[in-house]
Amino acid sequence: MNPELQQQLKKLLILLLLATCVGWLAGSVPWALTITLGWLLGRNFWQLLKLQRWLDNPSQSDVPESTGLWGRFFDTIYRKERDHRASEAHLKAIINRVQESTTALKDGVLMVDAYGNIEWWNRSAKALLGLRRPDDVGQPVINLIRDPRFIRYFERRMFQEALEIPSPINSELHLQYTITEFGQSERLLLIRDVTRLNRLERMRQDFVGNASHELRTPLTVIQGYLETLQEQFIDHNPGLTRALRSMETQAIRMGNLVTDMLMLSRLETTDSLSDELPINIHGLISEIYDNALYLQPEKEHEITLDIEPGYLLLGQEKELVSAFSNLVYNAVKYTPAKGKIKISWWTNKQGGHFCVLDNGIGIDPVHVHRLTERFYRVDDGRSSSQGGTGLGLAIVKHVLLRHNARLEVDSRPGEGSAFTCHFPLSMLKADSNEESA
């Protein structure tokens, strides 16, 4: 037991003993004890009143003075309250400093609670988004940024990549949104003005598109003359014929590169589809499968097809043909002779899935995250010998982005590769023909 508490108990016992003695001398012990206990209760009640008055307004009055346990009790509460004030002042200073620093940022900062309502923003966010205080405090952020792409991005909670869309108050401003989750499902939005970078990217795309377009005509002319020259010298000069065939091969390769560059430039122009049409995915994949059978017949690949019926895929057929064909033709190119390739399509609660699986040479995992970069090659010599342009997977990536889909790559050297396109459930439509059948 605490020594001080023991001392207070001793004092209480001595007081009760004295009251008993006085009551015995006066001839009334009960009354003496009653008066003594009443005095103790009144004293404690008075101390409680002092404590209550002090707690009601602790900042403008000193700590109550007392002795014994009450004095120790008052001192303890005072120290706790003083420490609390110091800690609160320190936290307020930190918060003020954070708010001052974020206010000075050129990038916009927006805090959103667990329900998607706006809590706080800095000066840059106000300028970029046109926010007004106090009208917009507590408003759902998707009511103020109404772009469907932002709403989809915000609600899907897949924030691995940033989103770039025009400003809601100025279509000439291009903003990049990066969202980070913290606390209890709260979100922090970092908003950056990327208008200049976007303009530079558009200039690059325009240059690539214009240059590629201008190259098509001379390449077509060159190919035509090479074919004519080969027909004239095929029986007269074998050496020249071989040179002409080599030139024609390189011209065809250059033509394929120009075609891919033009398509990639067109895909990069917009991030979303202007219209979404229902596509017979069964017929589309079956046609690609038939073409793959005749791509390199000398390799004698075992190519199988597994398509689950029941749904149509919403999108642009030409773009999807290009994306799926690139994946299938890559599998044919890089799978050794007598290898196995499986082309499949299935649906589940997550959406639709197109997969090309092979048991070919595979890819080292260190290269996987860069496969969709323009002109990136895992092996320059191998890719060149196969006649690839280095743009196939970049085209696949942009086609999938325009269809709100993503590409998943699973590969190991010597074990083969699996390229899977995952389409959201919103891009699927039930096939009425299948249902009626």
# chains A, B, ... in the order shown; residues from 1 in each chain; ligands from 1
$ residues_around --residues "segment 168-179 of chain A" --least-positions-apart "4" --cutoff "9 Å" --atoms "only C-alpha atoms" --output "ChimeraX atom specification"
/A:128-130,144-147,150,154,157,159-164,187-196,198
$ select_by_dssp --residues "segment 56-275 of chain A" --states "helix (DSSP H, G or I)" --output "JSON, numbers by chain"
{"A": [56, 58, 59, 60, 68, 69, 70, 71, 72, 73, 74, 75, 76, 77, 78, 79, 80, 81, 82, 83, 84, 85, 86, 87, 88, 89, 90, 91, 92, 93, 94, 95, 96, 97, 98, 99, 100, 101, 102, 103, 123, 124, 125, 126, 127, 128, 129, 141, 142, 143, 144, 148, 149, 150, 151, 152, 153, 154, 155, 156, 195, 196, 197, 198, 199, 200, 201, 202, 203, 204, 205, 206, 207, 208, 209, 210, 211, 212, 213, 214, 215, 216, 217, 218, 219, 220, 221, 222, 223, 224, 225, 226, 227, 228, 229, 230, 231, 232, 233, 238, 239, 240, 241, 242, 243, 244, 245, 246, 247, 248, 249, 250, 251, 252, 253, 254, 255, 256, 257, 258, 259, 260, 261, 262, 263, 264, 265, 266, 267, 268, 269]}
$ write_last_selection --atoms "C-alpha atoms" --output "compact mmCIF listing (two decimals), in the first residue's frame"
# COMPACT_ATOMS: atom_id res chain seq x y z
CA ASP A 56 -15.22 23.97 -16.01
CA PRO A 58 -9.13 25.39 -16.06
CA SER A 59 -7.36 27.92 -18.30
CA GLN A 60 -8.38 30.98 -16.32
CA GLY A 68 -3.65 15.34 1.95
CA LEU A 69 -5.11 13.12 -0.75
CA TRP A 70 -7.12 15.94 -2.29
CA GLY A 71 -4.03 18.11 -2.67
CA ARG A 72 -2.17 15.21 -4.35
CA PHE A 73 -5.22 14.54 -6.53
CA PHE A 74 -5.40 18.20 -7.65
CA ASP A 75 -1.67 18.28 -8.41
CA THR A 76 -1.87 15.10 -10.51
CA ILE A 77 -4.81 16.41 -12.55
CA TYR A 78 -3.03 19.72 -13.06
CA ARG A 79 0.14 18.03 -14.35
CA LYS A 80 -1.89 15.83 -16.73
CA GLU A 81 -3.83 18.82 -17.99
CA ARG A 82 -0.63 20.86 -18.46
CA ASP A 83 1.02 18.01 -20.41
CA HIS A 84 -2.13 17.66 -22.52
CA ARG A 85 -2.07 21.37 -23.38
CA ALA A 86 1.58 21.18 -24.34
CA SER A 87 0.98 18.13 -26.53
CA GLU A 88 -2.07 19.77 -28.12
CA ALA A 89 -0.11 22.95 -28.85
CA HIS A 90 2.69 20.87 -30.39
CA LEU A 91 0.26 18.96 -32.60
CA LYS A 92 -1.47 22.18 -33.67
CA ALA A 93 1.91 23.64 -34.60
CA ILE A 94 2.70 20.56 -36.70
CA ILE A 95 -0.70 20.69 -38.42
CA ASN A 96 -0.31 24.41 -39.12
CA ARG A 97 3.17 23.82 -40.51
CA VAL A 98 1.91 20.99 -42.76
CA GLN A 99 -0.97 23.13 -44.00
CA GLU A 100 1.39 26.07 -44.65
CA SER A 101 3.81 23.84 -46.58
CA THR A 102 1.06 22.19 -48.65
CA THR A 103 -0.49 25.59 -49.33
CA ARG A 123 -4.52 27.07 -52.78
CA SER A 124 -3.31 25.27 -55.92
CA ALA A 125 -6.22 22.81 -55.83
CA LYS A 126 -8.58 25.77 -55.62
CA ALA A 127 -7.05 27.30 -58.75
CA LEU A 128 -6.91 24.03 -60.72
CA LEU A 129 -10.38 22.74 -59.80
CA VAL A 141 -15.61 14.94 -54.95
CA ILE A 142 -17.27 13.14 -57.89
CA ASN A 143 -19.96 15.86 -57.92
CA LEU A 144 -17.30 18.48 -58.60
CA PRO A 148 -16.60 9.71 -66.25
CA ARG A 149 -12.95 8.65 -66.39
CA PHE A 150 -12.26 10.25 -63.01
CA ILE A 151 -15.41 8.74 -61.46
CA ARG A 152 -14.43 5.28 -62.70
CA TYR A 153 -10.84 5.77 -61.50
CA PHE A 154 -11.95 7.06 -58.08
CA GLU A 155 -14.52 4.33 -57.43
CA ARG A 156 -12.45 1.38 -58.65
CA THR A 195 -0.39 20.80 -69.72
CA ARG A 196 3.12 21.56 -70.98
CA LEU A 197 4.18 17.90 -70.90
CA ASN A 198 0.95 16.96 -72.64
CA ARG A 199 1.59 19.49 -75.39
CA LEU A 200 5.12 18.21 -75.90
CA GLU A 201 3.79 14.64 -76.08
CA ARG A 202 1.19 15.72 -78.63
CA MET A 203 3.93 17.40 -80.69
CA ARG A 204 5.93 14.17 -80.61
CA GLN A 205 2.89 12.14 -81.61
CA ASP A 206 2.06 14.54 -84.43
CA PHE A 207 5.64 14.40 -85.69
CA VAL A 208 5.71 10.59 -85.60
CA GLY A 209 2.30 10.38 -87.25
CA ASN A 210 3.16 12.89 -90.01
CA ALA A 211 6.59 11.36 -90.66
CA SER A 212 5.12 7.85 -90.81
CA HIS A 213 2.38 9.02 -93.15
CA GLU A 214 4.90 10.68 -95.46
CA LEU A 215 7.03 7.52 -95.55
CA ARG A 216 4.21 5.30 -96.76
CA THR A 217 4.15 6.61 -100.32
CA PRO A 218 7.91 6.31 -101.08
CA LEU A 219 8.02 2.87 -99.46
CA THR A 220 5.10 1.71 -101.61
CA VAL A 221 6.90 2.98 -104.72
CA ILE A 222 10.16 1.29 -103.70
CA GLN A 223 8.42 -2.03 -103.07
CA GLY A 224 6.71 -1.84 -106.46
CA TYR A 225 9.96 -1.21 -108.34
CA LEU A 226 11.75 -3.96 -106.41
CA GLU A 227 9.07 -6.47 -107.40
CA THR A 228 9.36 -5.37 -111.04
CA LEU A 229 13.15 -5.57 -111.02
CA GLN A 230 13.07 -9.06 -109.50
CA GLU A 231 10.78 -10.28 -112.27
CA GLN A 232 13.18 -8.89 -114.90
CA PHE A 233 16.44 -10.26 -113.46
CA PRO A 238 21.07 -14.51 -109.45
CA GLY A 239 23.35 -12.25 -107.37
CA LEU A 240 21.32 -9.16 -108.16
CA THR A 241 18.12 -11.10 -107.53
CA ARG A 242 19.28 -12.01 -104.00
CA ALA A 243 20.15 -8.37 -103.34
CA LEU A 244 16.73 -7.25 -104.61
CA ARG A 245 14.96 -9.80 -102.40
CA SER A 246 16.94 -8.61 -99.38
CA MET A 247 16.01 -5.02 -100.21
CA GLU A 248 12.36 -6.01 -100.59
CA THR A 249 12.41 -7.79 -97.20
CA GLN A 250 13.78 -4.67 -95.53
CA ALA A 251 11.26 -2.47 -97.37
CA ILE A 252 8.41 -4.70 -96.18
CA ARG A 253 9.78 -4.56 -92.66
CA MET A 254 9.98 -0.76 -92.88
CA GLY A 255 6.41 -0.70 -94.19
CA ASN A 256 5.24 -2.78 -91.22
CA LEU A 257 7.04 -0.38 -88.89
CA VAL A 258 5.35 2.62 -90.50
CA THR A 259 1.95 0.91 -90.23
CA ASP A 260 2.50 0.15 -86.54
CA MET A 261 3.71 3.68 -85.84
CA LEU A 262 0.65 5.16 -87.52
CA MET A 263 -1.68 2.92 -85.54
CA LEU A 264 0.12 3.63 -82.25
CA SER A 265 -0.01 7.36 -82.96
CA ARG A 266 -3.75 7.14 -83.56
CA LEU A 267 -4.30 5.11 -80.37
CA GLU A 268 -2.31 7.60 -78.31
CA THR A 269 -4.42 10.51 -79.55
$ select_by_dssp --residues "segment 50-217 of chain A" --states "strand (DSSP E or B)" --output "ChimeraX atom specification"
/A:108-112,117-121,140,163-166,174-182,186-193
$ atom_distance --atom1 "atom CA of Lys338 of chain A" --atom2 "atom CA of Val366 of chain A"
27.4 Å
$ atom_distance --atom1 "atom CA of Ile361 of chain A" --atom2 "atom CA of Thr335 of chain A"
6.3 Å
$ closest_atom_pairs --of "segment 288-377 of chain A" --to "segment 425-431 of chain A" --cutoff "12 Å" --atoms "only C-alpha atoms" --output "Markdown table"
| residue | atom | partner | partner_atom | distance |
| --- | --- | --- | --- | --- |
| A:Glu308 | CA | A:Asp431 | CA | 11.7 |
| A:Pro309 | CA | A:Asp431 | CA | 8.2 |
| A:Gly310 | CA | A:Asp431 | CA | 5.3 |
| A:Tyr311 | CA | A:Ala430 | CA | 4.5 |
| A:Leu312 | CA | A:Lys429 | CA | 5.0 |
| A:Leu313 | CA | A:Leu428 | CA | 4.8 |
| A:Leu314 | CA | A:Met427 | CA | 5.1 |
| A:Gly315 | CA | A:Met427 | CA | 7.5 |
| A:Gln316 | CA | A:Met427 | CA | 11.3 |
| A:Trp346 | CA | A:Leu428 | CA | 11.3 |
| A:Thr347 | CA | A:Leu425 | CA | 8.7 |
| A:Asn348 | CA | A:Leu425 | CA | 8.4 |
| A:Lys349 | CA | A:Leu425 | CA | 7.2 |
| A:Gln350 | CA | A:Leu425 | CA | 5.9 |
| A:Gly351 | CA | A:Leu425 | CA | 3.9 |
| A:Gly352 | CA | A:Leu425 | CA | 6.7 |
| A:His353 | CA | A:Leu425 | CA | 10.1 |
$ write_last_selection --atoms "N, CA and C atoms" --output "PDB file, in the first residue's frame"
ATOM      1  N   GLU A 308     -15.251 -19.679 -74.578  1.00  0.00           N
ATOM      2  CA  GLU A 308     -16.504 -19.839 -73.826  1.00  0.00           C
ATOM      3  C   GLU A 308     -17.567 -18.921 -74.413  1.00  0.00           C
ATOM      4  N   PRO A 309     -18.696 -19.446 -74.856  1.00  0.00           N
ATOM      5  CA  PRO A 309     -19.742 -18.607 -75.467  1.00  0.00           C
ATOM      6  C   PRO A 309     -20.574 -17.885 -74.408  1.00  0.00           C
ATOM      7  N   GLY A 310     -21.456 -17.016 -74.875  1.00  0.00           N
ATOM      8  CA  GLY A 310     -22.429 -16.393 -73.971  1.00  0.00           C
ATOM      9  C   GLY A 310     -22.368 -14.888 -73.902  1.00  0.00           C
ATOM     10  N   TYR A 311     -21.225 -14.281 -74.298  1.00  0.00           N
ATOM     11  CA  TYR A 311     -21.096 -12.830 -74.165  1.00  0.00           C
ATOM     12  C   TYR A 311     -20.480 -12.214 -75.415  1.00  0.00           C
ATOM     13  N   LEU A 312     -20.865 -10.968 -75.665  1.00  0.00           N
ATOM     14  CA  LEU A 312     -20.227 -10.121 -76.655  1.00  0.00           C
ATOM     15  C   LEU A 312     -19.314  -9.150 -75.933  1.00  0.00           C
ATOM     16  N   LEU A 313     -18.290  -8.668 -76.613  1.00  0.00           N
ATOM     17  CA  LEU A 313     -17.360  -7.706 -76.019  1.00  0.00           C
ATOM     18  C   LEU A 313     -17.592  -6.341 -76.652  1.00  0.00           C
ATOM     19  N   LEU A 314     -17.791  -5.312 -75.830  1.00  0.00           N
ATOM     20  CA  LEU A 314     -18.003  -3.954 -76.333  1.00  0.00           C
ATOM     21  C   LEU A 314     -16.674  -3.293 -76.645  1.00  0.00           C
ATOM     22  N   GLY A 315     -16.576  -2.668 -77.826  1.00  0.00           N
ATOM     23  CA  GLY A 315     -15.328  -2.001 -78.177  1.00  0.00           C
ATOM     24  C   GLY A 315     -15.211  -1.768 -79.663  1.00  0.00           C
ATOM     25  N   GLN A 316     -13.962  -1.565 -80.115  1.00  0.00           N
ATOM     26  CA  GLN A 316     -13.655  -1.356 -81.526  1.00  0.00           C
ATOM     27  C   GLN A 316     -12.998  -2.620 -82.080  1.00  0.00           C
ATOM     28  N   TRP A 346     -12.621 -16.652 -71.679  1.00  0.00           N
ATOM     29  CA  TRP A 346     -13.606 -17.068 -70.692  1.00  0.00           C
ATOM     30  C   TRP A 346     -14.103 -15.851 -69.929  1.00  0.00           C
ATOM     31  N   THR A 347     -15.213 -16.013 -69.246  1.00  0.00           N
ATOM     32  CA  THR A 347     -15.804 -14.934 -68.455  1.00  0.00           C
ATOM     33  C   THR A 347     -16.074 -15.429 -67.039  1.00  0.00           C
ATOM     34  N   ASN A 348     -16.061 -14.489 -66.090  1.00  0.00           N
ATOM     35  CA  ASN A 348     -16.426 -14.786 -64.704  1.00  0.00           C
ATOM     36  C   ASN A 348     -16.961 -13.506 -64.069  1.00  0.00           C
ATOM     37  N   LYS A 349     -17.035 -13.463 -62.750  1.00  0.00           N
ATOM     38  CA  LYS A 349     -17.597 -12.299 -62.056  1.00  0.00           C
ATOM     39  C   LYS A 349     -16.731 -11.053 -62.212  1.00  0.00           C
ATOM     40  N   GLN A 350     -15.450 -11.246 -62.543  1.00  0.00           N
ATOM     41  CA  GLN A 350     -14.555 -10.098 -62.707  1.00  0.00           C
ATOM     42  C   GLN A 350     -14.621  -9.500 -64.108  1.00  0.00           C
ATOM     43  N   GLY A 351     -15.102 -10.283 -65.093  1.00  0.00           N
ATOM     44  CA  GLY A 351     -15.192  -9.770 -66.459  1.00  0.00           C
ATOM     45  C   GLY A 351     -14.810 -10.822 -67.480  1.00  0.00           C
ATOM     46  N   GLY A 352     -14.310 -10.363 -68.641  1.00  0.00           N
ATOM     47  CA  GLY A 352     -13.882 -11.262 -69.711  1.00  0.00           C
ATOM     48  C   GLY A 352     -12.376 -11.328 -69.783  1.00  0.00           C
ATOM     49  N   HIS A 353     -11.852 -12.482 -70.225  1.00  0.00           N
ATOM     50  CA  HIS A 353     -10.409 -12.702 -70.206  1.00  0.00           C
ATOM     51  C   HIS A 353      -9.969 -13.415 -71.483  1.00  0.00           C
TER      52      HIS A 353
END
$ atom_distance --atom1 "atom CA of Thr36 of chain A" --atom2 "atom CA of Leu51 of chain A"
22.8 Å
$ decode --residues "segment 94-189 of chain A" --atoms "C-alpha atoms" --output "compact mmCIF listing (two decimals), in the first residue's frame"
# COMPACT_ATOMS: atom_id res chain seq x y z
CA ILE A 94 2.70 20.56 -36.70
CA ILE A 95 -0.70 20.69 -38.42
CA ASN A 96 -0.31 24.41 -39.12
CA ARG A 97 3.17 23.82 -40.51
CA VAL A 98 1.91 20.99 -42.76
CA GLN A 99 -0.97 23.13 -44.00
CA GLU A 100 1.39 26.07 -44.65
CA SER A 101 3.81 23.84 -46.58
CA THR A 102 1.06 22.19 -48.65
CA THR A 103 -0.49 25.59 -49.33
CA ALA A 104 2.85 26.68 -50.79
CA LEU A 105 2.98 23.67 -53.13
CA LYS A 106 2.48 24.29 -56.85
CA ASP A 107 0.64 20.97 -57.02
CA GLY A 108 -2.91 20.76 -55.76
CA VAL A 109 -3.63 18.73 -52.62
CA LEU A 110 -7.15 17.53 -51.81
CA MET A 111 -8.20 15.51 -48.75
CA VAL A 112 -11.26 13.27 -49.06
CA ASP A 113 -12.91 11.33 -46.22
CA ALA A 114 -13.94 7.66 -46.24
CA TYR A 115 -17.29 8.59 -47.84
CA GLY A 116 -15.70 10.47 -50.74
CA ASN A 117 -16.53 13.93 -49.34
CA ILE A 118 -14.06 16.82 -49.56
CA GLU A 119 -12.48 17.84 -46.25
CA TRP A 120 -9.65 20.24 -47.14
CA TRP A 121 -7.68 21.60 -50.10
CA ASN A 122 -4.75 23.92 -50.69
CA ARG A 123 -4.52 27.07 -52.78
CA SER A 124 -3.31 25.27 -55.92
CA ALA A 125 -6.22 22.81 -55.83
CA LYS A 126 -8.58 25.77 -55.62
CA ALA A 127 -7.05 27.30 -58.75
CA LEU A 128 -6.91 24.03 -60.72
CA LEU A 129 -10.38 22.74 -59.80
CA GLY A 130 -12.30 25.94 -59.03
CA LEU A 131 -13.15 24.92 -55.44
CA ARG A 132 -14.95 27.43 -53.20
CA ARG A 133 -15.01 27.61 -49.43
CA PRO A 134 -17.27 26.89 -47.57
CA ASP A 135 -19.71 25.78 -50.29
CA ASP A 136 -17.65 22.79 -51.44
CA VAL A 137 -16.58 21.55 -48.00
CA GLY A 138 -18.31 18.22 -47.37
CA GLN A 139 -19.40 17.83 -50.99
CA PRO A 140 -18.72 14.51 -52.81
CA VAL A 141 -15.61 14.94 -54.95
CA ILE A 142 -17.27 13.14 -57.89
CA ASN A 143 -19.96 15.86 -57.92
CA LEU A 144 -17.30 18.48 -58.60
CA ILE A 145 -15.08 16.44 -60.95
CA ARG A 146 -17.74 14.91 -63.18
CA ASP A 147 -15.52 13.39 -65.86
CA PRO A 148 -16.60 9.71 -66.25
CA ARG A 149 -12.95 8.65 -66.39
CA PHE A 150 -12.26 10.25 -63.01
CA ILE A 151 -15.41 8.74 -61.46
CA ARG A 152 -14.43 5.28 -62.70
CA TYR A 153 -10.84 5.77 -61.50
CA PHE A 154 -11.95 7.06 -58.08
CA GLU A 155 -14.52 4.33 -57.43
CA ARG A 156 -12.45 1.38 -58.65
CA ARG A 157 -9.75 2.16 -56.01
CA MET A 158 -6.97 0.95 -58.31
CA PHE A 159 -4.50 3.79 -57.92
CA GLN A 160 -1.30 2.16 -59.17
CA GLU A 161 -1.21 4.49 -62.18
CA ALA A 162 -2.00 8.18 -62.38
CA LEU A 163 -4.97 9.55 -64.33
CA GLU A 164 -4.65 12.42 -66.83
CA ILE A 165 -7.78 14.34 -67.86
CA PRO A 166 -8.69 17.99 -68.60
CA SER A 167 -9.47 20.39 -65.76
CA PRO A 168 -13.19 20.67 -64.90
CA ILE A 169 -13.01 24.47 -65.19
CA ASN A 170 -10.64 24.87 -68.14
CA SER A 171 -10.47 22.26 -70.91
CA GLU A 172 -7.09 23.65 -72.04
CA LEU A 173 -5.49 22.62 -68.75
CA HIS A 174 -4.48 18.97 -68.53
CA LEU A 175 -4.32 17.61 -64.97
CA GLN A 176 -2.73 14.48 -63.58
CA TYR A 177 -4.42 12.89 -60.55
CA THR A 178 -2.53 10.64 -58.15
CA ILE A 179 -4.53 9.16 -55.26
CA THR A 180 -3.13 7.67 -52.05
CA GLU A 181 -5.23 5.94 -49.39
CA PHE A 182 -4.53 6.60 -45.69
CA GLY A 183 -6.22 6.32 -42.30
CA GLN A 184 -9.68 4.76 -42.31
CA SER A 185 -10.20 4.50 -46.08
CA GLU A 186 -9.52 8.23 -46.50
CA ARG A 187 -7.86 9.44 -49.69
CA LEU A 188 -5.33 12.11 -50.54
CA LEU A 189 -5.44 13.52 -54.08
